Amino acid sequence: MSSGLTDLLKTGFSMFMKVSRPHPSDHPLLILFVVGGITVSEAKMVKDLVASLKPGAQVILLSTQLLKPLNIPELLFATDRLHPDLGF
């Protein structure tokens, strides 16, 4: 947000000039949070995809839980989806 006349003028003139503003994809760090859980194979797919598309970028992958492949059917077919029984 602009806080003052000079900042407002700089913002307004940057529309007419070739000024490149930073973009979130320019940063070498990607933080990804997965709600509900992620499997190890999905985490590896994310790592490989980021490495192939943007070499040198770091990935921090966070999740609510680390799932085993046997947990997937329980999560898909649970009758009480808000409180699935995963046996933890």
# chains A, B, ... in the order shown; residues from 1 in each chain; ligands from 1
>>> residues_around(residues="range 62-69 of chain A", least_positions_apart="4", cutoff="10 Å", atoms="only C-alpha atoms", output="list in words")
Ile31, Leu32, Phe33, Val34, Val35, Gly36, Gly37, Ile38, Thr39, Val40, Ser41, Glu42, Ala43, Pro73, Glu74 and Leu86 of chain A
>>> write_last_selection(atoms="C-alpha atoms", output="mmCIF file, in the first residue's frame")
data_model
loop_
_atom_site.group_PDB
_atom_site.id
_atom_site.type_symbol
_atom_site.label_atom_id
_atom_site.label_comp_id
_atom_site.auth_asym_id
_atom_site.auth_seq_id
_atom_site.Cartn_x
_atom_site.Cartn_y
_atom_site.Cartn_z
ATOM 1 C CA ILE A 31 7.057 -23.493 0.994
ATOM 2 C CA LEU A 32 4.193 -25.904 0.374
ATOM 3 C CA PHE A 33 1.706 -26.943 3.082
ATOM 4 C CA VAL A 34 -0.625 -29.871 2.395
ATOM 5 C CA VAL A 35 -3.713 -30.152 4.574
ATOM 6 C CA GLY A 36 -4.876 -33.700 5.203
ATOM 7 C CA GLY A 37 -1.618 -35.537 4.715
ATOM 8 C CA ILE A 38 0.836 -36.532 2.029
ATOM 9 C CA THR A 39 2.506 -39.812 1.114
ATOM 10 C CA VAL A 40 6.234 -40.248 0.666
ATOM 11 C CA SER A 41 5.798 -40.855 -3.071
ATOM 12 C CA GLU A 42 3.851 -37.583 -3.438
ATOM 13 C CA ALA A 43 6.599 -35.716 -1.580
ATOM 14 C CA PRO A 73 -8.727 -46.173 1.327
ATOM 15 C CA GLU A 74 -9.677 -45.336 4.923
ATOM 16 C CA LEU A 86 -6.337 -44.115 11.144
#
>>> residues_around(residues="range 48-58 of chain A", least_positions_apart="5", cutoff="8 Å", atoms="only C-alpha atoms", output="VMD selection string")
chain A and resid 28 to 30
>>> atom_distance(atom1="CA of Met45 in chain A", atom2="CA of Val59 in chain A")
11.7 Å
>>> select_by_dssp(residues="range 24-86 of chain A", states="strand (DSSP E)", output="PyMOL selection string")
chain A and resi 29-34+38-39+58-63+66-67
